[in-house]
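S.K.: This is the structure, below, for whatever I ask next.
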Amino acid sequence: MSDLVKLTVTQAKKALDDKKISSVELTKAYVAQMENNRNLNAYVLETPDIALKQAEISDAKYAANTAGALEGIPMGIKDLFCTKGIRTTACSHILDGFVPPYESTVTQKLLDAGINVLGKLNMDEFAMGGSNETSYYGPAVNPWKAKNSDANLVAGGSSGGSAAAVSAHLCAVATATDTGGSIRQPSAFCGVTGVKPTYGRCSRYGIIAFASSLDQAGPIAQNVEDCALLLKVMAGYDAKDSTSSLKEVPDFCAALGQDIKGLRIGIPAEYRPEGLNADIAACWDKGVEMLKARGAEIVNISLPHTKYALATYYIIAPAEASANLARYDGVRYGLRVDGAHLEDIYFNTRTEGFGKEVKRRIMIGTYVLSAGYYDAYYVKAQKVRRLIRDDFNRAFEKCDVILTPTAPTGAFPIGDKSMLENPINMWLNDVFTVSVNLAGLPAISLPAGLSAQGLPLGLQVIGRAFDEMTMFKAASALENDICFVRK
Amino acid sequence: MAEFVIETPKGKWEIVCGLEIHCQIISKSKIYSGASTEFGADPNVNVSFVDAGMPGMLPVLNQKCVRQAVKTGIGLNAKINKYSNFSRKNYFYADLPQGYQITQFEYPIVGEGKVIVDLADGSTREIGIERIHIEQDAGKSIHDLSPTKSYIDLNRAGVGLMEIVTKPDFRSPEEAGAFLKKLRSIVRYLGTCDGNMDEGSMRCDASISVRPLGSSELRARAEVKNVNSVKFVMQAIESEAKRQVELYENGEDMPQQTRHFDPATGGTKFLRLKEFSDDYRYFPEPDLAPLVLSDEYIQSVRDEIPELPDEKKERFVKELGLTTYDAIVICENKETAAFFEKAAAGHDAKKVANWLMGDFFAMLNEKKIELKDSPVSAENLGALVELISSNVINGKTAKDVFALMVKTGENPEKIVEEKGLKQVTDTSEIEKIVDDVIASSPANVAAYQGGKQGLFGWFVGQVMKASKGKANPVVVNELLKKKLG
């Protein structure tokens with residue numbers, strides 16, 4: 001492995017600025033690294049030619065002193081982002097061969113800042129899943145392995161490809177999206193850092209929709225600093241997304257390395273259920289102690305509606321998805337399986353084009369929106385969602401950020417029967433992350449230690465809406481003390 | 001109001017009918033995208049990525065469409081809802097690319113209102129508006145180009161619509177017809193919809209049921225879809241009501257159903273049962289924020305509302321002395337009213353109205369042209385009336401002058417001058433002609449004086465003829481009466 005690929009974005013940018021390395025050199029190192037690690041199945045489409053061409057342009061810009069904020073940084077893009085001229089499928093069979101004639105706002109901002117596109121990253125089909133196993137292209141493989149075991153582990157999901165790629169240095173940084181934990185959980189599983197920003201912080205334009213009121217884009221990177229740097233570029237109001245926020249995007253990097261004395265850290269009682277994995281609990285306790293040692297104030301808080309969050313999420317997200325995925329009908333793009341009549345085309349295309357988990361969620365969503373069930377499920381879920389948001393609002397009167405584990409376990413083996421046979425077990429992975437999406441809050445997952453099996457575990461720092469600054473501040477302090485050693 | 005009762009040997013029935021009218025909003029771009037709404041473009045030219053339901057595309061609400069809906073609401077004396085939101089109406093069809101229509105469901109932008117309609121017997125009736133909501137149109141499926149394929153044109157997909165829903169207040173086909181005309185007139189005055197039913201920019205569904213006269217029950221209704229002219233709506237209501245009466249009187253069922261109007265027979269045809277209401281799985285559109293309107297905004301729209309037909313009609317009656325009927329006819333169309341006001345300025349408005357509704361409209365009809373293409377300008381029509389009022393020409397000559405105006409587009413003064421058509425009002429000149437006529441027809445003079453009063457008209461005619469039509473008929477009458485005794 002070339003040492004170049006181990007550079008963080010910040011380090012690589014400095015080396016490029018100082019003309020110690022060229023973007024072409026850096027890109028070539030990543031292309032080689034990608035080729036050597038195809039067993040991880042992190043990429044579903046590699047675009048080395050595009051990346052190298054972009055790198056040449058980047059080098060010219062460095063020579064001309066017109067380099068952008070992320071000029072020449074090789075990046076992987078989750079396959080949920082529409083990329084102009086580059087196949088985008090959401091890792092679904094139904095979008096076979098779809099090449100968008102437009103660019104998502106987030107990736108456009110990154111391109112404008114000078115990034116090079118190494119390829120499209122694996123993910124659960126339409127971002128529905130927690131292990132990347134629902135991908136039409138097969139699961140991404142976690143670069144980490146348990147002690148004394150050769151078993152391939154899941155990279156987490158849905159942004160499994162993004163987390164695995166960053167973890168194995170197959171890109172300097174990756175885009176990802178998070179609807180119920182899809183940035184944070186794979187980041188935790190793969191020992192990397194990922195941010196789900198406040199809902200509305202990043203434009204959703206050009207990101208293939210899963211659940212519109214929950215979806216947010218964010219970066220997965222090697223550390224907090226890279227995340228702050230990337231988010232600054234990715235965020236901002238977009239007239240093409242009516243739900244994007246007009247709020248000014250602060251310089252997130254300014255929050256790093258600051259004194260957290262007096263910062264109030266909320267610890268929610270409901271996140272420590274009986275039987276919580278001991279490694280996770282220990283990791284969490286360690287984090288609390290570190291913050292305390294820096295003079296932060298630890299506050300016990302309650303988020304009483306936490307126990308309803310998963311159920312609420314698995315009503316609202318499928319409801320929105322059932323409508324969002326109606327457009328994949330075989331009529332205009334992607335897969336078409338012909339039939340004698342229009343209904344047959346729909347039936348055949350959608351039967352063949354969608355995987356099992358996607359079908360499951362479309363059916364749940366269709367059911368909960370149906371006449372006679374709408375009030376009992378969808379309306380009630382919306383009410384509970386409000387209560388969950390109110391919980392956080394009340395908690396944030398007492399604290400400035402909330403610290404929790406990211407996921408209830410570390411990475412599990414690919415093909416784990418208990419997960420595949422009982423989807424509820426898989427969904428339980430989201431138990432610490434979904435509330436944040438329901439409340440629209442920002443949260444970051446950072447690697448906090450290793451389990452007894454030697455697998456990375458993550459801690460999550462949740463901030464107030466649009467207060468990523470304080471979230472970054474706390475995460476930066478934690479990261480500094482944890483000194484997590486990446487592979 | 002003339003009551004509309006369906007009377008059979010078995011009983012008397014009344015109609016209960018409500019209308020839903022889809023009005024295409026006048027706006028340059030579509031309601032959720034920037035694509036053009038231009039009519040008549042080649043298929044699939046005015047289609048944005050949003051309209052085509054491409055992955056990752058998001059709707060953005062067109063503020064112009066909002067303003068147009070608020071304007072329409074104000075024009076229909078309706079409550080403007082300061083809070084409204086959008087919902088997805090889910091169904092699969094090839095010309096609905098997203099698989100759902102973005103519409104308003106629980107909270108429409110406009111609430112209850114009312115429209116006064118004028119009926120033929122001079123009476124008026126108030127029709128309640130239930131709500132107006134805004135939504136996107138679907139594309140067009142074309143099934144008759146190929147025996148095995150359907151073609152889809154998405155130019156119309158995403159064009160903004162206002163759906164205007166009335167209360168079930170119609171008791172006769174005439175009321176429904178009058179309402180549609182009034183509604184069309186109002187939206188055209190407002191400039192919010194062009195109201196062309198034949199082009200589909202205004203489409204009407206009628207919900208029709210009947211009940212025994214005097215009862216207040218509401219029976220199962222038939223919804224007749226997409227009826228595309230005022231006349232057809234009236235025909236559909238009448239024939240469908242009669243069909244239902246016949247069913248009830250024969251002891252048959254009339255289940256809730258959807259029907260289709262057949263212009264060839266003037267009747268309705270069965271489409272499908274509505275035993276279970278269609279399940280569209282409405283839920284709030286997460287891609288669009290709720291629409292919140294401020295008082296200032298609503299006031300700013302109110303300030304843009306032009307004088308509407310009812311107010312204009314009242315003013316024409318009060319200030320210009322028109323009959324209510326004339327005022328209604330003239331005010332139905334904004335352009336006609338404007339033409340009339342221009343023509344009547346400074347002249348005898350009542351006479352201008354008579355000319356407009358008489359010879360002028362007849363001329364347009366005969367030539368099959370629209371008002372804007374009339375060879376006779378408003379100013380010239382006014383000038384013609386002025387020539388009559390000031391006795392420069394008489395009514396008969398005026399018709400000839402009008403004919404020449406139609407032919408040449410010239411102003412009437414010039415025509416009268418050039419053709420020497422000025423009326424003779426000089427009594428001595430006319431007296432000479434009268435004397436000549438009397439002198440040359442002793443037999444008729446004797447007969448008249450002997451009691452044959454009917455001959456008076458003959459004398460008038462002779463004098464007019466001798467004067468080449470230019471003699472002032474009033475003077476002629478006076479002189480003849482005096483001289484014939």
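Each chain of the structure tokens is named A, B, ... in the order shown, its residues numbered from 1; ligands are numbered from 1 in display order.
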Taking only C-alpha atoms into account, produce a table as JSON lines in which each residue of chain B with an atom at most 12 Å from an atom of chain A appears once, together with its shortest atom pair and the distance in Å to one decimal, ordered by chain and rising number.
M.R.:
```
{"residue": "B:Tyr32", "atom": "CA", "partner": "A:Lys240", "partner_atom": "CA", "distance": 10.2}
{"residue": "B:Ser33", "atom": "CA", "partner": "A:Lys240", "partner_atom": "CA", "distance": 9.3}
{"residue": "B:Gly34", "atom": "CA", "partner": "A:Lys240", "partner_atom": "CA", "distance": 10.4}
{"residue": "B:Ser48", "atom": "CA", "partner": "A:Tyr102", "partner_atom": "CA", "distance": 11.2}
{"residue": "B:Phe49", "atom": "CA", "partner": "A:Tyr102", "partner_atom": "CA", "distance": 8.7}
{"residue": "B:Val50", "atom": "CA", "partner": "A:Lys240", "partner_atom": "CA", "distance": 10.3}
{"residue": "B:Asp51", "atom": "CA", "partner": "A:Arg327", "partner_atom": "CA", "distance": 11.2}
{"residue": "B:Ala52", "atom": "CA", "partner": "A:Arg332", "partner_atom": "CA", "distance": 8.0}
{"residue": "B:Gly53", "atom": "CA", "partner": "A:Arg327", "partner_atom": "CA", "distance": 6.3}
{"residue": "B:Met54", "atom": "CA", "partner": "A:Arg327", "partner_atom": "CA", "distance": 7.7}
{"residue": "B:Pro55", "atom": "CA", "partner": "A:Ile208", "partner_atom": "CA", "distance": 5.3}
{"residue": "B:Gly56", "atom": "CA", "partner": "A:Ile208", "partner_atom": "CA", "distance": 4.0}
{"residue": "B:Met57", "atom": "CA", "partner": "A:Gly206", "partner_atom": "CA", "distance": 5.6}
{"residue": "B:Leu58", "atom": "CA", "partner": "A:Tyr205", "partner_atom": "CA", "distance": 6.2}
{"residue": "B:Pro59", "atom": "CA", "partner": "A:Asp241", "partner_atom": "CA", "distance": 7.5}
{"residue": "B:Val60", "atom": "CA", "partner": "A:Ser242", "partner_atom": "CA", "distance": 6.1}
{"residue": "B:Leu61", "atom": "CA", "partner": "A:Ser242", "partner_atom": "CA", "distance": 8.1}
{"residue": "B:Asn62", "atom": "CA", "partner": "A:Ser242", "partner_atom": "CA", "distance": 11.2}
{"residue": "B:Ser87", "atom": "CA", "partner": "A:Ala323", "partner_atom": "CA", "distance": 11.1}
{"residue": "B:Arg88", "atom": "CA", "partner": "A:Ala323", "partner_atom": "CA", "distance": 7.9}
{"residue": "B:Lys89", "atom": "CA", "partner": "A:Ala323", "partner_atom": "CA", "distance": 9.0}
{"residue": "B:Asn90", "atom": "CA", "partner": "A:Ala323", "partner_atom": "CA", "distance": 6.8}
{"residue": "B:Tyr91", "atom": "CA", "partner": "A:Ala326", "partner_atom": "CA", "distance": 8.4}
{"residue": "B:Phe92", "atom": "CA", "partner": "A:Ala326", "partner_atom": "CA", "distance": 7.5}
{"residue": "B:Tyr93", "atom": "CA", "partner": "A:Leu342", "partner_atom": "CA", "distance": 8.2}
{"residue": "B:Ala94", "atom": "CA", "partner": "A:Val331", "partner_atom": "CA", "distance": 6.9}
{"residue": "B:Asp95", "atom": "CA", "partner": "A:Val331", "partner_atom": "CA", "distance": 9.5}
{"residue": "B:Leu96", "atom": "CA", "partner": "A:Arg327", "partner_atom": "CA", "distance": 8.6}
{"residue": "B:Pro97", "atom": "CA", "partner": "A:Arg327", "partner_atom": "CA", "distance": 5.9}
{"residue": "B:Gln98", "atom": "CA", "partner": "A:Arg327", "partner_atom": "CA", "distance": 4.5}
{"residue": "B:Gly99", "atom": "CA", "partner": "A:Ala326", "partner_atom": "CA", "distance": 4.8}
{"residue": "B:Tyr100", "atom": "CA", "partner": "A:Ala323", "partner_atom": "CA", "distance": 6.9}
{"residue": "B:Gln101", "atom": "CA", "partner": "A:Ala323", "partner_atom": "CA", "distance": 10.1}
{"residue": "B:Ile102", "atom": "CA", "partner": "A:Ala323", "partner_atom": "CA", "distance": 11.0}
{"residue": "B:Ser141", "atom": "CA", "partner": "A:Leu342", "partner_atom": "CA", "distance": 11.6}
{"residue": "B:His143", "atom": "CA", "partner": "A:Leu342", "partner_atom": "CA", "distance": 11.8}
{"residue": "B:Thr148", "atom": "CA", "partner": "A:Ala340", "partner_atom": "CA", "distance": 8.9}
{"residue": "B:Lys149", "atom": "CA", "partner": "A:His341", "partner_atom": "CA", "distance": 9.4}
{"residue": "B:Ser150", "atom": "CA", "partner": "A:Leu342", "partner_atom": "CA", "distance": 9.1}
{"residue": "B:Tyr151", "atom": "CA", "partner": "A:Val331", "partner_atom": "CA", "distance": 10.8}
{"residue": "B:Ile152", "atom": "CA", "partner": "A:Val331", "partner_atom": "CA", "distance": 9.7}
{"residue": "B:Asp153", "atom": "CA", "partner": "A:Arg332", "partner_atom": "CA", "distance": 11.9}
{"residue": "B:Leu154", "atom": "CA", "partner": "A:Arg332", "partner_atom": "CA", "distance": 11.2}
{"residue": "B:Phe276", "atom": "CA", "partner": "A:Ala371", "partner_atom": "CA", "distance": 10.4}
{"residue": "B:Ser277", "atom": "CA", "partner": "A:Ala371", "partner_atom": "CA", "distance": 9.3}
{"residue": "B:Asp278", "atom": "CA", "partner": "A:Ala371", "partner_atom": "CA", "distance": 9.1}
{"residue": "B:Asp279", "atom": "CA", "partner": "A:Ala371", "partner_atom": "CA", "distance": 6.2}
{"residue": "B:Tyr280", "atom": "CA", "partner": "A:Ser370", "partner_atom": "CA", "distance": 7.8}
{"residue": "B:Arg281", "atom": "CA", "partner": "A:Leu369", "partner_atom": "CA", "distance": 5.1}
{"residue": "B:Tyr282", "atom": "CA", "partner": "A:Leu369", "partner_atom": "CA", "distance": 7.2}
{"residue": "B:Phe283", "atom": "CA", "partner": "A:Leu369", "partner_atom": "CA", "distance": 7.3}
{"residue": "B:Pro284", "atom": "CA", "partner": "A:Glu320", "partner_atom": "CA", "distance": 9.4}
{"residue": "B:Glu285", "atom": "CA", "partner": "A:Glu320", "partner_atom": "CA", "distance": 8.7}
{"residue": "B:Pro286", "atom": "CA", "partner": "A:Ser213", "partner_atom": "CA", "distance": 5.5}
{"residue": "B:Asp287", "atom": "CA", "partner": "A:Ser212", "partner_atom": "CA", "distance": 6.4}
{"residue": "B:Leu288", "atom": "CA", "partner": "A:Ser242", "partner_atom": "CA", "distance": 5.9}
{"residue": "B:Ala289", "atom": "CA", "partner": "A:Thr243", "partner_atom": "CA", "distance": 6.7}
{"residue": "B:Pro290", "atom": "CA", "partner": "A:Ser242", "partner_atom": "CA", "distance": 10.4}
{"residue": "B:Leu291", "atom": "CA", "partner": "A:Ser242", "partner_atom": "CA", "distance": 11.3}
```
S.K.: Just write the chosen residues, C-alpha atoms, as a compact mmCIF listing (two decimals), in the first residue's frame.
M.R.:
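Dumped to part.txt:
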```txt
# COMPACT_ATOMS: atom_id res chain seq x y z
CA TYR B 32 -43.43 22.33 -9.63
CA SER B 33 -40.79 22.84 -12.31
CA GLY B 34 -39.43 25.47 -14.63
CA SER B 48 -38.04 18.92 -17.19
CA PHE B 49 -36.31 16.18 -15.20
CA VAL B 50 -38.83 16.85 -12.43
CA ASP B 51 -41.80 16.40 -14.79
CA ALA B 52 -40.37 13.14 -16.10
CA GLY B 53 -40.06 11.75 -12.56
CA MET B 54 -36.33 11.23 -12.85
CA PRO B 55 -34.55 9.81 -9.78
CA GLY B 56 -33.61 12.36 -7.16
CA MET B 57 -35.63 15.20 -8.65
CA LEU B 58 -37.58 17.47 -6.32
CA PRO B 59 -40.60 19.72 -6.85
CA VAL B 60 -40.29 23.45 -6.27
CA LEU B 61 -43.54 25.36 -5.90
CA ASN B 62 -44.16 28.00 -8.57
CA SER B 87 -50.18 15.90 -0.36
CA ARG B 88 -49.24 13.01 -2.56
CA LYS B 89 -52.11 11.23 -4.27
CA ASN B 90 -50.70 7.83 -5.17
CA TYR B 91 -51.70 5.89 -8.24
CA PHE B 92 -49.92 4.21 -11.10
CA TYR B 93 -50.40 5.37 -14.64
CA ALA B 94 -48.01 5.76 -17.53
CA ASP B 95 -48.69 9.47 -17.92
CA LEU B 96 -48.06 10.13 -14.22
CA PRO B 97 -44.27 9.76 -14.09
CA GLN B 98 -43.75 10.08 -10.32
CA GLY B 99 -46.45 7.55 -9.54
CA TYR B 100 -48.19 10.20 -7.48
CA GLN B 101 -49.84 13.52 -8.11
CA ILE B 102 -48.79 16.40 -5.87
CA SER B 141 -51.62 8.95 -23.10
CA HIS B 143 -53.70 5.04 -27.59
CA THR B 148 -50.02 -2.39 -30.07
CA LYS B 149 -48.38 0.62 -28.45
CA SER B 150 -49.40 3.58 -26.37
CA TYR B 151 -47.61 6.88 -26.68
CA ILE B 152 -46.99 9.26 -23.81
CA ASP B 153 -46.70 13.03 -24.13
CA LEU B 154 -45.49 14.66 -20.94
CA PHE B 276 -65.24 1.27 -2.52
CA SER B 277 -63.82 4.71 -2.83
CA ASP B 278 -60.48 4.66 -4.65
CA ASP B 279 -57.63 4.41 -2.18
CA TYR B 280 -55.11 7.04 -3.17
CA ARG B 281 -53.14 6.76 0.08
CA TYR B 282 -52.86 10.51 0.49
CA PHE B 283 -50.14 11.72 2.80
CA PRO B 284 -48.41 15.07 3.27
CA GLU B 285 -45.78 15.78 0.58
CA PRO B 286 -42.43 15.72 2.42
CA ASP B 287 -40.63 17.51 -0.40
CA LEU B 288 -42.62 20.72 -0.01
CA ALA B 289 -43.02 22.83 3.09
CA PRO B 290 -46.54 23.86 4.11
CA LEU B 291 -47.68 27.02 2.35
```
S.K.: How would you write, as a ChimeraX atom specification, the set of residues in region 301-472 of chain B that DSSP gives as alpha helix (DSSP H)?
M.R.: /B:301-302,309-320,324-332,334-344,349-355,361-367,378-389,395-408,412-419,427-440,442-449,456-466
S.K.: Which one is closest to Cys202 (chain A): A:Gly355, A:Gly114, A:Pro219, A:Pro423? Count only C-alpha atoms.
M.R.: A:Pro219
S.K.: Run DSSP on the backbone and give me the residues of region 146-199 of chain A it puts in strand (DSSP E or B), as an MDAnalysis selection string.
M.R.: chainID A and resid 153:154 173:178 193:196
S.K.: Rank nothing, just name the residue among A:Val431, A:Ile220, A:Leu459, A:Ala411 nearest to Asn152 (chain A), using only C-alpha atoms.
M.R.: A:Ala411
S.K.: Could you list, as an MDAnalysis selection string, every residue within 9 Å of Tyr308 (chain A), counting only C-alpha atoms and ignoring same-chain residues fewer than 5 positions away?
M.R.: chainID A and resid 313 381 384:385 388
S.K.: Please, could you write that set of residues out with C-alpha atoms as an mmCIF file, in the first residue's frame?
M.R.:
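Final output, selection.cif:
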```
data_model
loop_
_atom_site.group_PDB
_atom_site.id
_atom_site.type_symbol
_atom_site.label_atom_id
_atom_site.label_comp_id
_atom_site.auth_asym_id
_atom_site.auth_seq_id
_atom_site.Cartn_x
_atom_site.Cartn_y
_atom_site.Cartn_z
ATOM 1 C CA TYR A 313 -39.305 5.097 11.932
ATOM 2 C CA ALA A 381 -46.370 7.770 13.943
ATOM 3 C CA VAL A 384 -44.951 10.137 18.148
ATOM 4 C CA ARG A 385 -42.324 11.720 15.929
ATOM 5 C CA ILE A 388 -39.550 12.359 20.120
#
```
S.K.: Please report the interatomic distance between CA of Glu35 (chain A) and CA of Val5 (chain A) in Å with one decimal.
M.R.: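 These two atoms are separated by 13.1 Å.
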S.K.: What separation in Å, quoted to one decimal, exists between CA of Thr177 (chain A) and CA of Pro74 (chain A)?
M.R.: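 Separating CA of Thr177 (chain A) from CA of Pro74 (chain A) is a distance of 18.6 Å.
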S.K.: Calculated over only C-alpha atoms, which of the candidates A:Ala282, A:Ala127, A:Leu40, A:Cys91 has the smallest distance to Ala317 (chain A)?
M.R.: A:Ala127
